[in-house]
Amino acid sequence: MQTTESIILHYYDYFNKRDTESFLALLDNNVIHDINQGDREIGIDAFTAFMERMNNAYEEKIKDIIVMTNQDGSRAAAEFTVEGIYKSSDKGLPIAKNQHYELRCGAFFEIKQGKITRVTNYYNLQDWLKQVEK
C-alpha cells in the first residue's frame, strides 16, 4: 500500500503529466471537492467535469510541492506553486489572452483505504486576478 505522501505526490505528478486516467484513479468514487471560493462538489463525475473545464481554460504545472501528513496518514496538506497560462475564458472571470501567472497554493486531503476522499484547495484569487488583468 502507498503512503499518504506518495499518493499526494502521484496526484500532482499525474496532474502535471495530464494523465487523467491515473489522476482520477487516486480518487474515491464519492470524493468531496471543495473548490477555492466556490461550491462543494461530490462524486467522481463532478470532479471529472471540473477537471475537463479546468484543462480547457488553463494550462498549469505544479512545482515546489511540500506534503505534510498526520500520524495515521488519514489527512494531508500540500503547499505548492502553480505556474499557468490562462488560455480560454472561464465563466465569470476576465477574458483569457494566454496570460501567464504564478500562485502559491495550499490543498488539504482526506485519505481512506488508499483513496483520496476529500480535496480542498486554497489560493489567493485576488492575486490571480491582478496577474491576468495586466
# chains A, B, ... in the order shown; residues from 1 in each chain; ligands from 1
$ residues_around --residues "region 63-78 of chain A" --least-positions-apart "5" --cutoff "8 Å" --atoms "only C-alpha atoms" --output "ChimeraX atom specification"
/A:3-5,8-9,83,106-112
$ select_by_dssp --residues "region 6-126 of chain A" --states "alpha helix (DSSP H)" --output "ChimeraX atom specification"
/A:6-17,20-25,44-57,125-126
$ write_last_selection --atoms "C-alpha atoms" --output "tab-separated table (two decimals), in the first residue's frame"
chain	number	residue	atom	x	y	z
A	6	SER	CA	3.24	9.15	-2.12
A	7	ILE	CA	-0.48	9.29	-3.01
A	8	ILE	CA	-0.39	13.10	-2.89
A	9	LEU	CA	2.87	13.28	-4.86
A	10	HIS	CA	1.41	10.94	-7.50
A	11	TYR	CA	-1.74	13.12	-7.62
A	12	TYR	CA	0.34	16.15	-8.62
A	13	ASP	CA	2.65	14.15	-10.88
A	14	TYR	CA	-0.34	12.80	-12.84
A	15	PHE	CA	-1.82	16.31	-12.90
A	16	ASN	CA	1.39	17.68	-14.42
A	17	LYS	CA	1.51	14.89	-17.00
A	20	THR	CA	-6.31	12.00	-16.36
A	21	GLU	CA	-6.96	8.28	-16.01
A	22	SER	CA	-4.24	7.76	-13.37
A	23	PHE	CA	-5.12	11.07	-11.69
A	24	LEU	CA	-8.78	10.16	-11.28
A	25	ALA	CA	-7.94	6.59	-10.19
A	44	ILE	CA	-16.03	11.37	-9.31
A	45	ASP	CA	-18.29	12.56	-12.15
A	46	ALA	CA	-18.41	16.11	-10.78
A	47	PHE	CA	-14.64	16.08	-10.24
A	48	THR	CA	-14.08	14.80	-13.78
A	49	ALA	CA	-16.28	17.57	-15.22
A	50	PHE	CA	-14.41	20.16	-13.14
A	51	MET	CA	-11.05	18.91	-14.44
A	52	GLU	CA	-12.28	18.97	-18.05
A	53	ARG	CA	-13.31	22.62	-17.61
A	54	MET	CA	-10.00	23.47	-15.95
A	55	ASN	CA	-7.94	21.72	-18.64
A	56	ASN	CA	-9.85	23.63	-21.31
A	57	ALA	CA	-9.28	27.06	-19.74
A	125	LEU	CA	-7.96	34.73	-6.14
A	126	GLN	CA	-7.27	38.49	-5.95
$ closest_residue --among "A:Val119, A:Ile62, A:Val82, A:Ile42" --to "Tyr101 (chain A)" --atoms "only C-alpha atoms"
A:Val82
$ atom_distance --atom1 "CA of Pro94 (chain A)" --atom2 "CA of Tyr122 (chain A)"
19.5 Å
$ select_by_dssp --residues "region 9-123 of chain A" --states "strand (DSSP E or B)" --output "PDB file with N, CA and C atoms, in the first residue's frame"
ATOM      1  N   LEU A  27      -8.764   8.869  -6.732  1.00  0.00           N
ATOM      2  CA  LEU A  27      -9.908   9.423  -6.009  1.00  0.00           C
ATOM      3  C   LEU A  27     -10.950   8.359  -5.683  1.00  0.00           C
ATOM      4  N   ASP A  28     -11.569   8.508  -4.520  1.00  0.00           N
ATOM      5  CA  ASP A  28     -12.712   7.695  -4.149  1.00  0.00           C
ATOM      6  C   ASP A  28     -13.901   8.093  -5.033  1.00  0.00           C
ATOM      7  N   ASN A  29     -14.795   7.161  -5.320  1.00  0.00           N
ATOM      8  CA  ASN A  29     -15.963   7.459  -6.165  1.00  0.00           C
ATOM      9  C   ASN A  29     -16.834   8.578  -5.592  1.00  0.00           C
ATOM     10  N   ASN A  30     -16.825   8.744  -4.270  1.00  0.00           N
ATOM     11  CA  ASN A  30     -17.631   9.778  -3.621  1.00  0.00           C
ATOM     12  C   ASN A  30     -16.765  10.926  -3.109  1.00  0.00           C
ATOM     13  N   VAL A  31     -15.690  11.216  -3.824  1.00  0.00           N
ATOM     14  CA  VAL A  31     -14.757  12.258  -3.407  1.00  0.00           C
ATOM     15  C   VAL A  31     -15.485  13.584  -3.198  1.00  0.00           C
ATOM     16  N   ILE A  32     -15.099  14.282  -2.138  1.00  0.00           N
ATOM     17  CA  ILE A  32     -15.610  15.626  -1.851  1.00  0.00           C
ATOM     18  C   ILE A  32     -14.575  16.612  -2.377  1.00  0.00           C
ATOM     19  N   HIS A  33     -15.030  17.573  -3.157  1.00  0.00           N
ATOM     20  CA  HIS A  33     -14.131  18.575  -3.738  1.00  0.00           C
ATOM     21  C   HIS A  33     -14.611  19.954  -3.323  1.00  0.00           C
ATOM     22  N   ASP A  34     -13.848  20.595  -2.458  1.00  0.00           N
ATOM     23  CA  ASP A  34     -14.131  21.968  -2.044  1.00  0.00           C
ATOM     24  C   ASP A  34     -13.326  22.891  -2.939  1.00  0.00           C
ATOM     25  N   ARG A  40     -19.014  23.157  -2.981  1.00  0.00           N
ATOM     26  CA  ARG A  40     -18.569  21.806  -2.673  1.00  0.00           C
ATOM     27  C   ARG A  40     -19.245  20.894  -3.683  1.00  0.00           C
ATOM     28  N   GLU A  41     -18.434  20.092  -4.351  1.00  0.00           N
ATOM     29  CA  GLU A  41     -18.965  19.109  -5.290  1.00  0.00           C
ATOM     30  C   GLU A  41     -18.637  17.724  -4.758  1.00  0.00           C
ATOM     31  N   ILE A  42     -19.517  16.779  -5.019  1.00  0.00           N
ATOM     32  CA  ILE A  42     -19.331  15.422  -4.517  1.00  0.00           C
ATOM     33  C   ILE A  42     -19.432  14.435  -5.665  1.00  0.00           C
ATOM     34  N   TYR A  58      -7.179  26.398 -18.689  1.00  0.00           N
ATOM     35  CA  TYR A  58      -5.870  26.663 -18.087  1.00  0.00           C
ATOM     36  C   TYR A  58      -4.870  25.583 -18.477  1.00  0.00           C
ATOM     37  N   GLU A  59      -3.632  26.004 -18.613  1.00  0.00           N
ATOM     38  CA  GLU A  59      -2.528  25.064 -18.767  1.00  0.00           C
ATOM     39  C   GLU A  59      -1.634  25.288 -17.560  1.00  0.00           C
ATOM     40  N   GLU A  60      -1.632  24.329 -16.636  1.00  0.00           N
ATOM     41  CA  GLU A  60      -0.945  24.527 -15.364  1.00  0.00           C
ATOM     42  C   GLU A  60       0.057  23.416 -15.069  1.00  0.00           C
ATOM     43  N   LYS A  61       1.097  23.805 -14.351  1.00  0.00           N
ATOM     44  CA  LYS A  61       2.097  22.878 -13.824  1.00  0.00           C
ATOM     45  C   LYS A  61       2.264  23.181 -12.342  1.00  0.00           C
ATOM     46  N   ILE A  62       2.382  22.127 -11.567  1.00  0.00           N
ATOM     47  CA  ILE A  62       2.592  22.250 -10.132  1.00  0.00           C
ATOM     48  C   ILE A  62       4.073  22.017  -9.846  1.00  0.00           C
ATOM     49  N   LYS A  63       4.665  22.895  -9.018  1.00  0.00           N
ATOM     50  CA  LYS A  63       6.077  22.737  -8.665  1.00  0.00           C
ATOM     51  C   LYS A  63       6.266  23.091  -7.194  1.00  0.00           C
ATOM     52  N   ASP A  64       7.468  22.832  -6.683  1.00  0.00           N
ATOM     53  CA  ASP A  64       7.840  23.169  -5.304  1.00  0.00           C
ATOM     54  C   ASP A  64       6.851  22.581  -4.286  1.00  0.00           C
ATOM     55  N   ILE A  65       6.505  21.318  -4.447  1.00  0.00           N
ATOM     56  CA  ILE A  65       5.494  20.674  -3.602  1.00  0.00           C
ATOM     57  C   ILE A  65       6.102  20.244  -2.268  1.00  0.00           C
ATOM     58  N   ILE A  66       5.423  20.613  -1.200  1.00  0.00           N
ATOM     59  CA  ILE A  66       5.738  20.139   0.151  1.00  0.00           C
ATOM     60  C   ILE A  66       4.476  19.442   0.656  1.00  0.00           C
ATOM     61  N   VAL A  67       4.617  18.197   1.117  1.00  0.00           N
ATOM     62  CA  VAL A  67       3.483  17.431   1.632  1.00  0.00           C
ATOM     63  C   VAL A  67       3.684  17.171   3.117  1.00  0.00           C
ATOM     64  N   MET A  68       2.648  17.411   3.895  1.00  0.00           N
ATOM     65  CA  MET A  68       2.654  17.140   5.330  1.00  0.00           C
ATOM     66  C   MET A  68       1.491  16.197   5.632  1.00  0.00           C
ATOM     67  N   THR A  69       1.737  15.213   6.486  1.00  0.00           N
ATOM     68  CA  THR A  69       0.682  14.254   6.826  1.00  0.00           C
ATOM     69  C   THR A  69       0.555  14.116   8.336  1.00  0.00           C
ATOM     70  N   ARG A  75      -4.966  12.241   6.916  1.00  0.00           N
ATOM     71  CA  ARG A  75      -5.041  13.633   6.470  1.00  0.00           C
ATOM     72  C   ARG A  75      -3.696  14.074   5.938  1.00  0.00           C
ATOM     73  N   ALA A  76      -3.755  15.000   4.988  1.00  0.00           N
ATOM     74  CA  ALA A  76      -2.527  15.568   4.428  1.00  0.00           C
ATOM     75  C   ALA A  76      -2.786  16.997   4.002  1.00  0.00           C
ATOM     76  N   ALA A  77      -1.712  17.738   3.947  1.00  0.00           N
ATOM     77  CA  ALA A  77      -1.747  19.100   3.406  1.00  0.00           C
ATOM     78  C   ALA A  77      -0.582  19.226   2.442  1.00  0.00           C
ATOM     79  N   ALA A  78      -0.788  20.018   1.418  1.00  0.00           N
ATOM     80  CA  ALA A  78       0.276  20.263   0.446  1.00  0.00           C
ATOM     81  C   ALA A  78       0.351  21.759   0.180  1.00  0.00           C
ATOM     82  N   GLU A  79       1.577  22.256   0.096  1.00  0.00           N
ATOM     83  CA  GLU A  79       1.816  23.628  -0.327  1.00  0.00           C
ATOM     84  C   GLU A  79       2.643  23.541  -1.601  1.00  0.00           C
ATOM     85  N   PHE A  80       2.320  24.398  -2.568  1.00  0.00           N
ATOM     86  CA  PHE A  80       2.976  24.304  -3.862  1.00  0.00           C
ATOM     87  C   PHE A  80       2.802  25.599  -4.634  1.00  0.00           C
ATOM     88  N   THR A  81       3.509  25.673  -5.745  1.00  0.00           N
ATOM     89  CA  THR A  81       3.370  26.800  -6.664  1.00  0.00           C
ATOM     90  C   THR A  81       2.723  26.293  -7.949  1.00  0.00           C
ATOM     91  N   VAL A  82       1.765  27.060  -8.434  1.00  0.00           N
ATOM     92  CA  VAL A  82       1.143  26.772  -9.723  1.00  0.00           C
ATOM     93  C   VAL A  82       1.682  27.773 -10.729  1.00  0.00           C
ATOM     94  N   GLU A  83       2.264  27.269 -11.807  1.00  0.00           N
ATOM     95  CA  GLU A  83       2.630  28.103 -12.948  1.00  0.00           C
ATOM     96  C   GLU A  83       1.605  27.812 -14.022  1.00  0.00           C
ATOM     97  N   GLY A  84       0.997  28.866 -14.560  1.00  0.00           N
ATOM     98  CA  GLY A  84      -0.056  28.598 -15.522  1.00  0.00           C
ATOM     99  C   GLY A  84      -0.171  29.615 -16.633  1.00  0.00           C
ATOM    100  N   ILE A  85      -0.981  29.215 -17.595  1.00  0.00           N
ATOM    101  CA  ILE A  85      -1.384  30.074 -18.711  1.00  0.00           C
ATOM    102  C   ILE A  85      -2.903  30.028 -18.758  1.00  0.00           C
ATOM    103  N   TYR A  86      -3.516  31.197 -18.746  1.00  0.00           N
ATOM    104  CA  TYR A  86      -4.963  31.316 -18.843  1.00  0.00           C
ATOM    105  C   TYR A  86      -5.287  31.391 -20.332  1.00  0.00           C
ATOM    106  N   GLN A  99      -2.551  34.748 -20.749  1.00  0.00           N
ATOM    107  CA  GLN A  99      -1.811  35.399 -19.679  1.00  0.00           C
ATOM    108  C   GLN A  99      -1.099  34.339 -18.819  1.00  0.00           C
ATOM    109  N   HIS A 100       0.137  34.650 -18.461  1.00  0.00           N
ATOM    110  CA  HIS A 100       0.904  33.791 -17.555  1.00  0.00           C
ATOM    111  C   HIS A 100       0.641  34.226 -16.118  1.00  0.00           C
ATOM    112  N   TYR A 101       0.661  33.262 -15.210  1.00  0.00           N
ATOM    113  CA  TYR A 101       0.502  33.559 -13.794  1.00  0.00           C
ATOM    114  C   TYR A 101       1.275  32.542 -12.972  1.00  0.00           C
ATOM    115  N   GLU A 102       1.543  32.936 -11.730  1.00  0.00           N
ATOM    116  CA  GLU A 102       2.207  32.053 -10.774  1.00  0.00           C
ATOM    117  C   GLU A 102       1.602  32.324  -9.412  1.00  0.00           C
ATOM    118  N   LEU A 103       1.141  31.274  -8.753  1.00  0.00           N
ATOM    119  CA  LEU A 103       0.459  31.398  -7.464  1.00  0.00           C
ATOM    120  C   LEU A 103       0.983  30.392  -6.460  1.00  0.00           C
ATOM    121  N   ARG A 104       1.087  30.823  -5.205  1.00  0.00           N
ATOM    122  CA  ARG A 104       1.307  29.885  -4.108  1.00  0.00           C
ATOM    123  C   ARG A 104      -0.074  29.357  -3.716  1.00  0.00           C
ATOM    124  N   CYS A 105      -0.162  28.073  -3.509  1.00  0.00           N
ATOM    125  CA  CYS A 105      -1.451  27.436  -3.203  1.00  0.00           C
ATOM    126  C   CYS A 105      -1.293  26.434  -2.075  1.00  0.00           C
ATOM    127  N   GLY A 106      -2.425  26.082  -1.508  1.00  0.00           N
ATOM    128  CA  GLY A 106      -2.473  25.037  -0.500  1.00  0.00           C
ATOM    129  C   GLY A 106      -3.631  24.114  -0.793  1.00  0.00           C
ATOM    130  N   ALA A 107      -3.490  22.875  -0.372  1.00  0.00           N
ATOM    131  CA  ALA A 107      -4.570  21.893  -0.531  1.00  0.00           C
ATOM    132  C   ALA A 107      -4.588  20.989   0.692  1.00  0.00           C
ATOM    133  N   PHE A 108      -5.775  20.563   1.044  1.00  0.00           N
ATOM    134  CA  PHE A 108      -5.968  19.660   2.172  1.00  0.00           C
ATOM    135  C   PHE A 108      -6.664  18.412   1.665  1.00  0.00           C
ATOM    136  N   PHE A 109      -6.259  17.283   2.186  1.00  0.00           N
ATOM    137  CA  PHE A 109      -6.752  15.988   1.717  1.00  0.00           C
ATOM    138  C   PHE A 109      -7.186  15.113   2.880  1.00  0.00           C
ATOM    139  N   GLU A 110      -8.185  14.282   2.619  1.00  0.00           N
ATOM    140  CA  GLU A 110      -8.514  13.159   3.489  1.00  0.00           C
ATOM    141  C   GLU A 110      -8.290  11.905   2.674  1.00  0.00           C
ATOM    142  N   ILE A 111      -7.731  10.885   3.321  1.00  0.00           N
ATOM    143  CA  ILE A 111      -7.398   9.628   2.656  1.00  0.00           C
ATOM    144  C   ILE A 111      -8.041   8.487   3.449  1.00  0.00           C
ATOM    145  N   LYS A 112      -8.721   7.592   2.744  1.00  0.00           N
ATOM    146  CA  LYS A 112      -9.273   6.386   3.374  1.00  0.00           C
ATOM    147  C   LYS A 112      -9.017   5.206   2.455  1.00  0.00           C
ATOM    148  N   LYS A 115      -7.360   5.807  -0.937  1.00  0.00           N
ATOM    149  CA  LYS A 115      -8.019   6.684  -1.913  1.00  0.00           C
ATOM    150  C   LYS A 115      -8.226   8.071  -1.307  1.00  0.00           C
ATOM    151  N   ILE A 116      -8.157   9.077  -2.145  1.00  0.00           N
ATOM    152  CA  ILE A 116      -8.427  10.447  -1.718  1.00  0.00           C
ATOM    153  C   ILE A 116      -9.942  10.622  -1.638  1.00  0.00           C
ATOM    154  N   THR A 117     -10.419  10.974  -0.434  1.00  0.00           N
ATOM    155  CA  THR A 117     -11.860  11.136  -0.234  1.00  0.00           C
ATOM    156  C   THR A 117     -12.282  12.600  -0.149  1.00  0.00           C
ATOM    157  N   ARG A 118     -11.309  13.496   0.052  1.00  0.00           N
ATOM    158  CA  ARG A 118     -11.617  14.930   0.048  1.00  0.00           C
ATOM    159  C   ARG A 118     -10.407  15.700  -0.433  1.00  0.00           C
ATOM    160  N   VAL A 119     -10.669  16.714  -1.285  1.00  0.00           N
ATOM    161  CA  VAL A 119      -9.661  17.674  -1.736  1.00  0.00           C
ATOM    162  C   VAL A 119     -10.242  19.069  -1.508  1.00  0.00           C
ATOM    163  N   THR A 120      -9.527  19.886  -0.759  1.00  0.00           N
ATOM    164  CA  THR A 120      -9.923  21.277  -0.521  1.00  0.00           C
ATOM    165  C   THR A 120      -8.763  22.151  -0.967  1.00  0.00           C
ATOM    166  N   ASN A 121      -9.005  23.027  -1.936  1.00  0.00           N
ATOM    167  CA  ASN A 121      -7.948  23.879  -2.499  1.00  0.00           C
ATOM    168  C   ASN A 121      -8.126  25.334  -2.070  1.00  0.00           C
ATOM    169  N   TYR A 122      -6.989  25.990  -1.812  1.00  0.00           N
ATOM    170  CA  TYR A 122      -6.986  27.404  -1.469  1.00  0.00           C
ATOM    171  C   TYR A 122      -5.879  28.124  -2.222  1.00  0.00           C
ATOM    172  N   TYR A 123      -6.225  29.290  -2.756  1.00  0.00           N
ATOM    173  CA  TYR A 123      -5.234  30.198  -3.343  1.00  0.00           C
ATOM    174  C   TYR A 123      -5.807  31.597  -3.292  1.00  0.00           C
TER     175      TYR A 123
END
$ atom_distance --atom1 "CA of Ile95 (chain A)" --atom2 "CA of Leu129 (chain A)"
10.8 Å
$ atom_distance --atom1 "CA of Gln131 (chain A)" --atom2 "CA of Asp90 (chain A)"
15.1 Å
